[in-house]
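File shown: upload_19.csv. Contents: CSV, C-alpha atoms.
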chain,number,residue,atom,x,y,z
A,18,MET,CA,35.8,-1.6,6.4
A,19,GLY,CA,33.5,1.4,7.2
A,20,ALA,CA,32.2,2.8,10.4
A,21,ARG,CA,29.8,0.2,12.0
A,22,VAL,CA,26.3,1.5,12.6
A,23,ALA,CA,23.2,0.0,14.2
A,24,VAL,CA,19.6,0.9,13.3
A,25,ALA,CA,16.8,0.7,15.9
A,26,GLY,CA,13.3,0.7,14.5
A,27,ALA,CA,14.5,-0.7,11.2
A,28,SER,CA,11.2,-2.3,10.2
A,29,GLY,CA,9.5,1.1,9.7
A,30,TYR,CA,9.5,3.1,6.5
A,31,ALA,CA,12.3,5.5,7.6
A,32,GLY,CA,14.2,2.5,9.1
A,33,GLY,CA,13.9,0.6,5.8
A,34,GLU,CA,15.2,3.6,3.9
A,35,LEU,CA,18.1,3.8,6.3
A,36,LEU,CA,18.9,0.2,5.6
A,37,ARG,CA,18.8,0.8,1.8
A,38,LEU,CA,21.1,3.9,2.1
A,39,ILE,CA,23.6,2.2,4.4
A,40,ALA,CA,23.8,-0.8,2.1
A,41,GLY,CA,25.1,1.5,-0.6
A,42,HIS,CA,27.2,3.8,1.5
A,43,PRO,CA,31.0,3.6,0.9
A,44,GLY,CA,31.9,4.6,4.5
A,45,LEU,CA,29.3,2.7,6.6
A,46,GLU,CA,28.9,-0.9,7.6
A,47,LEU,CA,25.6,-2.2,9.0
A,48,GLY,CA,25.6,-3.6,12.5
A,49,ALA,CA,22.5,-4.6,14.5
A,50,VAL,CA,19.0,-4.1,13.1
A,51,THR,CA,16.2,-4.0,15.6
A,52,ALA,CA,12.5,-3.8,15.6
A,53,ASP,CA,10.3,-4.8,18.6
A,54,SER,CA,7.0,-5.5,16.8
A,55,ASN,CA,8.8,-7.4,14.0
A,56,ALA,CA,11.6,-9.0,16.1
A,57,GLY,CA,12.5,-12.4,14.7
A,58,ARG,CA,11.2,-11.7,11.2
A,59,LEU,CA,13.4,-11.5,8.1
A,60,VAL,CA,14.4,-8.1,6.8
A,61,GLY,CA,13.5,-9.1,3.3
A,62,GLU,CA,10.0,-10.1,4.4
A,63,ILE,CA,9.3,-6.6,5.8
A,64,HIS,CA,11.3,-4.7,3.2
A,65,PRO,CA,10.9,-6.7,-0.1
A,66,ASN,CA,12.7,-3.9,-2.0
A,67,LEU,CA,15.9,-5.2,-0.3
A,68,ALA,CA,15.5,-8.7,-1.6
A,69,GLY,CA,18.3,-8.1,-4.0
A,70,LEU,CA,20.7,-7.8,-1.1
A,71,PRO,CA,20.8,-11.4,0.3
A,72,SER,CA,23.2,-10.7,3.1
A,73,LEU,CA,20.8,-8.0,4.4
A,74,ALA,CA,17.4,-9.5,3.3
A,75,GLY,CA,18.2,-12.8,5.0
A,76,ARG,CA,19.0,-11.2,8.4
A,77,LYS,CA,16.5,-11.2,11.3
A,78,PHE,CA,15.4,-8.2,13.3
A,79,GLU,CA,16.4,-8.3,16.9
A,80,ALA,CA,14.4,-6.8,19.8
A,81,THR,CA,15.2,-3.2,20.5
A,82,GLY,CA,14.3,-3.6,24.1
A,83,ALA,CA,17.6,-5.5,24.6
A,84,CYS,CA,19.8,-2.5,24.2
A,85,GLY,CA,22.8,-4.8,24.2
A,86,ALA,CA,21.8,-5.7,20.7
A,87,LEU,CA,22.9,-2.3,19.6
A,88,ASP,CA,26.5,-3.4,19.5
A,89,SER,CA,27.9,-0.4,17.8
A,90,ASP,CA,29.6,2.9,18.6
A,91,ARG,CA,27.1,4.6,16.3
A,92,VAL,CA,23.3,4.2,16.4
A,93,PHE,CA,20.4,5.5,14.3
A,94,LEU,CA,17.1,5.7,16.2
A,95,ALA,CA,14.1,5.5,13.9
A,96,LEU,CA,11.5,5.1,16.6
A,97,PRO,CA,8.1,6.6,17.4
A,98,ALA,CA,7.7,9.6,19.8
A,99,GLY,CA,8.7,8.9,23.3
A,100,GLN,CA,10.7,5.7,22.5
A,101,SER,CA,14.1,7.2,21.5
A,102,ALA,CA,14.7,8.5,25.0
A,103,LEU,CA,14.0,5.1,26.5
A,104,VAL,CA,16.8,3.6,24.3
A,105,ALA,CA,19.2,6.6,24.4
A,106,ASP,CA,19.2,6.7,28.2
A,107,HIS,CA,20.7,3.2,28.2
A,108,LEU,CA,23.4,3.8,25.7
A,109,GLN,CA,26.9,4.7,26.8
A,110,ASP,CA,27.9,8.3,26.5
A,111,SER,CA,30.6,7.4,24.0
A,112,VAL,CA,28.0,6.1,21.5
A,113,LYS,CA,27.2,8.6,18.7
A,114,VAL,CA,23.5,8.8,18.2
A,115,VAL,CA,21.4,10.2,15.4
A,116,ASP,CA,17.7,10.3,16.3
A,117,LEU,CA,15.1,10.5,13.6
A,118,GLY,CA,12.3,10.8,16.1
A,119,PRO,CA,11.0,13.9,17.8
A,120,ASP,CA,12.2,13.2,21.4
A,121,TYR,CA,15.1,15.7,21.4
A,122,ARG,CA,14.1,18.3,18.9
A,123,LEU,CA,12.4,20.8,21.1
A,124,ALA,CA,14.2,23.0,23.6
A,125,ASP,CA,11.0,24.3,25.2
A,126,ALA,CA,9.7,21.8,27.8
A,127,GLY,CA,6.3,23.5,27.7
A,128,ALA,CA,5.9,23.1,24.0
A,129,TRP,CA,6.9,19.4,24.3
A,130,ALA,CA,4.3,18.9,27.0
A,131,ARG,CA,1.5,20.6,25.0
A,132,HIS,CA,2.2,18.5,21.9
A,133,TYR,CA,3.4,15.2,23.3
A,134,GLY,CA,1.8,15.0,26.8
A,135,SER,CA,4.8,13.6,28.6
A,136,ALA,CA,7.9,14.7,30.5
A,137,HIS,CA,10.4,16.5,28.3
A,138,PRO,CA,13.3,14.2,27.4
A,139,GLY,CA,15.8,16.9,26.7
A,140,HIS,CA,17.3,18.8,23.8
A,141,TRP,CA,20.1,17.8,21.4
A,142,PRO,CA,21.7,19.8,18.6
A,143,TYR,CA,19.4,20.2,15.6
A,144,GLY,CA,20.4,18.2,12.6
A,145,LEU,CA,19.6,20.5,9.6
A,146,PRO,CA,23.1,21.2,8.1
A,147,GLU,CA,22.0,24.0,5.8
A,148,LEU,CA,21.0,26.3,8.7
A,149,PRO,CA,23.5,28.9,9.9
A,150,MET,CA,26.3,27.4,12.1
A,151,ALA,CA,24.6,24.0,12.0
A,152,ARG,CA,27.5,22.1,10.5
A,153,GLU,CA,29.9,23.2,13.2
A,154,GLN,CA,27.4,22.1,15.9
A,155,ILE,CA,26.6,18.8,14.2
A,156,SER,CA,30.3,17.9,13.5
A,157,GLY,CA,31.2,18.4,17.1
A,158,ALA,CA,28.2,16.6,18.6
A,159,ALA,CA,27.9,13.1,20.0
A,160,ARG,CA,24.1,13.1,19.7
A,161,VAL,CA,21.9,14.9,17.1
A,162,ALA,CA,18.2,15.2,16.6
A,163,VAL,CA,17.2,15.1,13.0
A,164,PRO,CA,14.3,17.5,12.0
A,165,GLY,CA,10.8,16.3,11.1
A,166,CYS,CA,9.9,16.0,7.4
A,167,TYR,CA,7.3,18.8,7.4
A,168,ALA,CA,9.7,20.9,9.4
A,169,THR,CA,12.6,20.3,7.0
A,170,ALA,CA,10.7,21.5,3.9
A,171,SER,CA,9.2,24.5,5.7
A,172,ILE,CA,12.3,25.7,7.4
A,173,LEU,CA,14.5,25.5,4.4
A,174,ALA,CA,11.9,27.4,2.3
A,175,LEU,CA,11.7,30.4,4.7
A,176,ALA,CA,14.9,30.7,6.7
A,177,PRO,CA,16.9,32.8,4.1
A,178,LEU,CA,14.0,35.2,3.6
A,179,LEU,CA,13.7,35.8,7.3
A,180,ALA,CA,17.5,36.2,7.7
A,181,ALA,CA,17.4,38.8,4.9
A,182,GLY,CA,14.6,40.7,6.4
A,183,LEU,CA,12.4,40.3,3.3
A,184,ILE,CA,9.4,38.8,5.2
A,185,LEU,CA,7.8,39.4,8.5
A,186,PRO,CA,8.0,36.7,11.1
A,187,ASP,CA,4.7,37.0,12.8
A,188,ASP,CA,2.3,36.0,10.0
A,189,ILE,CA,3.6,32.8,8.4
A,190,VAL,CA,1.1,30.4,6.9
A,191,ILE,CA,2.2,26.9,5.7
A,192,VAL,CA,0.1,24.3,4.0
A,193,ALA,CA,2.1,21.1,3.3
A,194,ALA,CA,0.9,18.0,1.6
A,195,SER,CA,2.6,14.7,2.5
A,196,GLY,CA,2.5,11.1,1.2
A,197,THR,CA,1.1,8.4,3.4
A,198,SER,CA,4.5,7.0,4.5
A,199,GLY,CA,4.9,10.1,6.7
A,200,ALA,CA,2.3,8.6,9.1
A,201,GLY,CA,4.5,5.6,9.7
A,202,ARG,CA,3.9,1.9,9.1
A,203,VAL,CA,0.8,1.5,11.2
A,204,LEU,CA,-2.6,0.0,10.5
A,205,ARG,CA,-5.2,2.8,10.7
A,206,GLN,CA,-8.5,3.2,8.9
A,207,GLU,CA,-7.7,6.7,7.5
A,208,LEU,CA,-4.5,5.3,5.9
A,209,LEU,CA,-6.1,2.4,4.1
A,210,GLY,CA,-5.7,2.5,0.3
A,211,SER,CA,-9.5,2.7,-0.2
A,212,GLU,CA,-9.6,5.7,2.1
A,213,VAL,CA,-6.7,7.6,0.6
A,214,MET,CA,-7.0,7.0,-3.1
A,215,GLY,CA,-8.7,9.8,-4.9
A,216,SER,CA,-8.8,12.0,-1.8
A,217,VAL,CA,-6.9,14.8,-0.3
A,218,ALA,CA,-7.5,15.5,3.4
A,219,ALA,CA,-6.2,18.0,5.9
A,220,TYR,CA,-5.7,17.1,9.5
A,221,GLN,CA,-4.5,18.5,12.9
A,222,ALA,CA,-5.1,22.1,11.8
A,223,GLY,CA,-5.1,25.1,14.1
A,224,GLY,CA,-1.6,24.7,15.4
A,225,ALA,CA,-2.2,21.1,16.7
A,226,HIS,CA,0.5,19.4,14.6
A,227,ARG,CA,3.7,18.5,16.5
A,228,HIS,CA,5.9,20.1,13.9
A,229,THR,CA,4.5,23.6,14.5
A,230,PRO,CA,6.7,24.5,17.5
A,231,GLU,CA,9.7,22.8,15.8
A,232,ILE,CA,9.3,25.1,12.7
A,233,GLU,CA,8.9,28.2,14.9
A,234,GLN,CA,12.0,27.2,17.0
A,235,ALA,CA,14.3,26.7,14.0
A,236,LEU,CA,13.1,29.8,12.1
A,237,ALA,CA,13.6,31.9,15.2
A,238,ALA,CA,17.1,30.6,15.7
A,239,ALA,CA,18.0,31.2,12.1
A,240,ARG,CA,16.7,34.7,12.2
A,241,LEU,CA,18.4,35.5,15.5
A,242,ALA,CA,21.7,34.2,14.1
A,243,ALA,CA,21.4,36.4,11.0
A,244,SER,CA,20.0,39.6,12.5
A,245,GLY,CA,20.4,39.4,16.3
A,246,SER,CA,16.7,40.1,16.5
A,247,ALA,CA,14.1,38.0,18.3
A,248,GLU,CA,11.2,40.4,18.2
A,249,PRO,CA,8.5,40.1,17.1
A,250,PRO,CA,8.5,36.3,17.7
A,251,VAL,CA,8.1,33.9,14.8
A,252,SER,CA,4.5,32.7,14.5
A,253,VAL,CA,3.4,29.9,12.2
A,254,CYS,CA,0.0,28.7,11.2
A,255,PHE,CA,0.6,25.2,9.9
A,256,THR,CA,-1.9,22.9,8.2
A,257,PRO,CA,-0.7,19.4,7.1
A,258,VAL,CA,-2.5,17.6,4.3
A,259,LEU,CA,-2.5,13.9,3.4
A,260,ALA,CA,-2.1,13.3,-0.3
A,261,PRO,CA,-2.8,10.0,-2.2
A,262,MET,CA,0.9,9.2,-2.8
A,263,PRO,CA,3.3,7.0,-0.9
A,264,ARG,CA,6.1,9.5,-0.4
A,265,GLY,CA,7.0,13.2,-0.9
A,266,ILE,CA,6.2,16.6,0.6
A,267,LEU,CA,5.2,19.8,-1.1
A,268,ALA,CA,5.2,22.7,1.3
A,269,THR,CA,3.5,26.0,0.3
A,270,CYS,CA,4.8,28.7,2.6
A,271,THR,CA,3.5,32.3,2.6
A,272,ALA,CA,4.4,35.3,4.7
A,273,ARG,CA,3.8,39.1,4.5
A,274,LEU,CA,6.5,41.0,2.7
A,275,THR,CA,8.4,43.5,4.9
A,276,PRO,CA,7.0,47.0,4.2
A,277,GLY,CA,9.5,49.4,2.8
A,278,THR,CA,11.8,46.8,1.2
A,279,PRO,CA,12.0,46.2,-2.6
A,280,ALA,CA,10.9,42.6,-2.1
A,281,GLY,CA,9.9,41.3,-5.5
A,282,THR,CA,10.2,37.8,-6.9
A,283,ALA,CA,13.8,38.6,-8.0
A,284,GLN,CA,14.8,39.6,-4.5
A,285,LEU,CA,13.2,36.6,-2.9
A,286,ARG,CA,15.0,34.3,-5.4
A,287,ASP,CA,18.3,36.2,-4.8
A,288,ALA,CA,18.0,35.6,-1.0
A,289,LEU,CA,17.4,31.9,-1.5
A,290,ALA,CA,20.3,31.6,-4.0
A,291,ALA,CA,22.7,33.4,-1.6
A,292,GLY,CA,21.5,31.5,1.4
A,293,TYR,CA,22.1,28.2,-0.2
A,294,ALA,CA,25.1,28.9,-2.5
A,295,GLY,CA,27.1,25.8,-2.8
A,296,GLU,CA,24.7,23.5,-1.0
A,297,PRO,CA,24.9,20.1,-2.6
A,298,PHE,CA,21.3,19.1,-2.0
A,299,ILE,CA,19.3,22.3,-2.5
A,300,CYS,CA,18.2,23.3,-6.0
A,301,LEU,CA,16.6,26.7,-6.7
A,302,LEU,CA,14.6,26.0,-9.8
A,303,PRO,CA,14.6,28.4,-12.8
A,304,ASP,CA,12.2,31.3,-12.5
A,305,GLY,CA,8.7,30.1,-13.5
A,306,ARG,CA,9.4,26.4,-12.8
A,307,TYR,CA,7.7,24.9,-9.7
A,308,PRO,CA,8.7,22.1,-7.4
A,309,ALA,CA,7.1,18.7,-7.8
A,310,THR,CA,7.4,15.7,-5.4
A,311,ALA,CA,8.0,13.2,-8.2
A,312,ALA,CA,11.2,15.1,-9.1
A,313,VAL,CA,12.8,14.5,-5.7
A,314,ALA,CA,11.6,10.9,-5.1
A,315,GLY,CA,14.4,8.6,-3.8
A,316,SER,CA,16.8,11.5,-3.3
A,317,ASN,CA,18.1,13.8,-0.6
A,318,ALA,CA,17.3,16.9,-2.7
A,319,VAL,CA,15.2,20.0,-1.9
A,320,HIS,CA,13.6,21.8,-4.8
A,321,LEU,CA,12.7,25.5,-4.1
A,322,GLN,CA,10.8,28.3,-5.9
A,323,ALA,CA,9.7,31.7,-4.7
A,324,ALA,CA,7.3,34.4,-6.0
A,325,ALA,CA,6.1,37.7,-4.6
A,326,ASP,CA,2.5,38.8,-4.9
A,327,GLN,CA,2.7,42.6,-4.8
A,328,ARG,CA,-1.1,43.0,-4.9
A,329,THR,CA,-1.5,41.2,-1.6
A,330,GLY,CA,1.9,42.0,-0.2
A,331,ARG,CA,2.9,38.4,0.4
A,332,ALA,CA,5.7,36.1,-0.5
A,333,THR,CA,5.2,32.5,-1.5
A,334,VAL,CA,7.9,29.9,-1.3
A,335,LEU,CA,7.4,26.3,-2.4
A,336,ALA,CA,9.6,23.4,-1.3
A,337,ALA,CA,9.5,19.7,-2.4
A,338,ILE,CA,11.3,16.9,-0.7
A,339,ASP,CA,11.1,13.2,-0.3
A,340,ASN,CA,9.8,12.8,3.2
A,341,LEU,CA,11.8,9.5,3.6
A,342,GLY,CA,14.9,11.1,2.0
A,343,LYS,CA,15.8,14.6,3.1
A,344,GLY,CA,12.8,14.4,5.4
A,345,ALA,CA,14.2,11.4,7.4
A,346,ALA,CA,16.7,8.8,6.4
A,347,GLY,CA,18.7,10.8,3.9
A,348,GLN,CA,19.1,13.7,6.3
A,349,ALA,CA,20.1,11.3,9.0
A,350,ILE,CA,22.9,9.9,6.8
A,351,GLN,CA,23.9,13.5,5.9
A,352,VAL,CA,24.2,14.3,9.6
A,353,ALA,CA,26.1,11.0,10.4
A,354,ASN,CA,28.6,11.8,7.6
A,355,LEU,CA,29.3,15.1,9.3
A,356,MET,CA,29.6,13.5,12.8
A,357,LEU,CA,32.0,10.9,11.5
A,358,GLY,CA,34.1,13.2,9.4
A,359,LEU,CA,33.1,11.6,6.1
A,360,PRO,CA,32.2,13.6,3.0
A,361,GLU,CA,28.8,15.1,3.6
A,362,THR,CA,27.4,13.7,0.4
A,363,ALA,CA,28.6,10.2,0.8
A,364,GLY,CA,26.0,7.6,0.1
A,365,LEU,CA,23.5,10.2,-1.0
A,366,THR,CA,22.2,11.7,-4.3
A,367,ALA,CA,20.5,14.9,-5.3
A,368,ALA,CA,19.0,13.1,-8.4
A,369,GLY,CA,15.5,11.8,-8.1
A,370,VAL,CA,14.1,8.7,-9.9
A,371,ALA,CA,11.7,9.0,-12.8
A,372,PRO,CA,9.1,8.5,-13.9
Could you render the structure from this file as structure tokens?
Amino acid sequence: MGARVAVAGASGYAGGELLRLIAGHPGLELGAVTADSNAGRLVGEIHPNLAGLPSLAGRKFEATGACGALDSDRVFLALPAGQSALVADHLQDSVKVVDLGPDYRLADAGAWARHYGSAHPGHWPYGLPELPMAREQISGAARVAVPGCYATASILALAPLLAAGLILPDDIVIVAASGTSGAGRVLRQELLGSEVMGSVAAYQAGGAHRHTPEIEQALAAARLAASGSAEPPVSVCFTPVLAPMPRGILATCTARLTPGTPAGTAQLRDALAAGYAGEPFICLLPDGRYPATAAVAGSNAVHLQAAADQRTGRATVLAAIDNLGKGAAGQAIQVANLMLGLPETAGLTAAGVAP
């Protein structure tokens, strides 16, 4: 019998992916599954991909509002912004919690207020294991905040280059395309199939997207840990793009090369290879091969590639992830494995599905 875990917000896309991964995990046993808007409905009705698991598909969602339903010492929170804190505040301190939402990601209360417009819920250790010293913090924590999907791809693309001093921190530009599942399972006109198919659209440009301060915070911390330097501050111009696909993220990240350093493509690739040596889920593709979202679908993998443009003096790093895998549920399982002392790769794969 494995460690018993509950999932709050299990009717959403990330919650459904959590259910799928837990069902195949050798060290986890599923406890309560809750979903306020779908309470009382069958899991298999909301997630038909789980119909082949009768013991799971035949269960009914309970109401998250009754926190007593989360009858477990370990809880995943897959809830919208502002809702995780309402649940976490009512859980006993002994309960280990992995939050897939944004409530506890930001340390800066001012940044939280600007982007979320409410009182700052607090700050938990950041659940991106591949960052410097992150595994030690996650393993010893009772509560961890899992990064956002856009943030995961962008941070992993850039952190080793900042740590190596190959790029400047104050002129970082990120354009990242995401599948529609990144917007959640909500009925909105701009997410209807007839609106999305055959169209690519940007949104929340000009620093308005909520992942911007999260990306800056994590990159600044990684740079500080590697070099001891916090100046100049990390500054990110982030533009998200909605792509006509259900899942996946391709982040195109550029930054000025540091003057006076021999920062060509080989040096950028060497820094990524050294920064992620031995990482089970990060794959630096061969030179000249570029990441594609289809290659990481259904996995916890990150595919990376880098190139230096000597004419413009800029570095470009591309990262592809599955926004519901490494960008959400997969990463949450990876974090939970560390918190529970299980093998970090348990229940996860770096191999995508194809075609």
Can you pull out every residue within 10 Å of A:Leu36, counting only C-alpha atoms, but drop anything in the same chain fewer than 3 positions away, and send it as a tab-separated table (two decimals) with C-alpha atoms, in the coordinates of the input?
chain	number	residue	atom	x	y	z
A	23	ALA	CA	23.20	0.00	14.20
A	24	VAL	CA	19.60	0.90	13.30
A	27	ALA	CA	14.50	-0.70	11.20
A	28	SER	CA	11.20	-2.30	10.20
A	30	TYR	CA	9.50	3.10	6.50
A	31	ALA	CA	12.30	5.50	7.60
A	32	GLY	CA	14.20	2.50	9.10
A	33	GLY	CA	13.90	0.60	5.80
A	39	ILE	CA	23.60	2.20	4.40
A	40	ALA	CA	23.80	-0.80	2.10
A	41	GLY	CA	25.10	1.50	-0.60
A	42	HIS	CA	27.20	3.80	1.50
A	47	LEU	CA	25.60	-2.20	9.00
A	50	VAL	CA	19.00	-4.10	13.10
A	60	VAL	CA	14.40	-8.10	6.80
A	64	HIS	CA	11.30	-4.70	3.20
A	67	LEU	CA	15.90	-5.20	-0.30
A	73	LEU	CA	20.80	-8.00	4.40
A	346	ALA	CA	16.70	8.80	6.40
Might you pull out every residue within 8 Å of stretch 131-134 of chain A, with all atoms listed in the file counted and same-chain residues fewer than 5 positions away left off, and present them as a PDB file with C-alpha atoms, in the frame of the given file?
ATOM      1  CA  ALA A  98       7.700   9.600  19.800  1.00  0.00           C
ATOM      2  CA  ALA A 225      -2.200  21.100  16.700  1.00  0.00           C
ATOM      3  CA  HIS A 226       0.500  19.400  14.600  1.00  0.00           C
ATOM      4  CA  ARG A 227       3.700  18.500  16.500  1.00  0.00           C
TER       5      ARG A 227
END
Measuring atom to atom with all atoms listed in the file, identify which of A:Leu173, A:Gly157, A:Gly75, A:His107 is nearest to A:Leu357. A:Gly157
By how many Å are atom CA of A:Thr256 and atom CA of A:Thr229 apart?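 Taking atom CA of A:Thr256 as the start and atom CA of A:Thr229 as the end point, the length is 9.0 Å.
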Calculated over only C-alpha atoms, which of the candidates A:Leu302, A:Leu359, A:Ala247, A:Ile350 has the smallest distance to A:Asp287? A:Leu302
How many Å separate atom CA of A:Gln351 from atom CA of A:Leu145? 9.0 Å
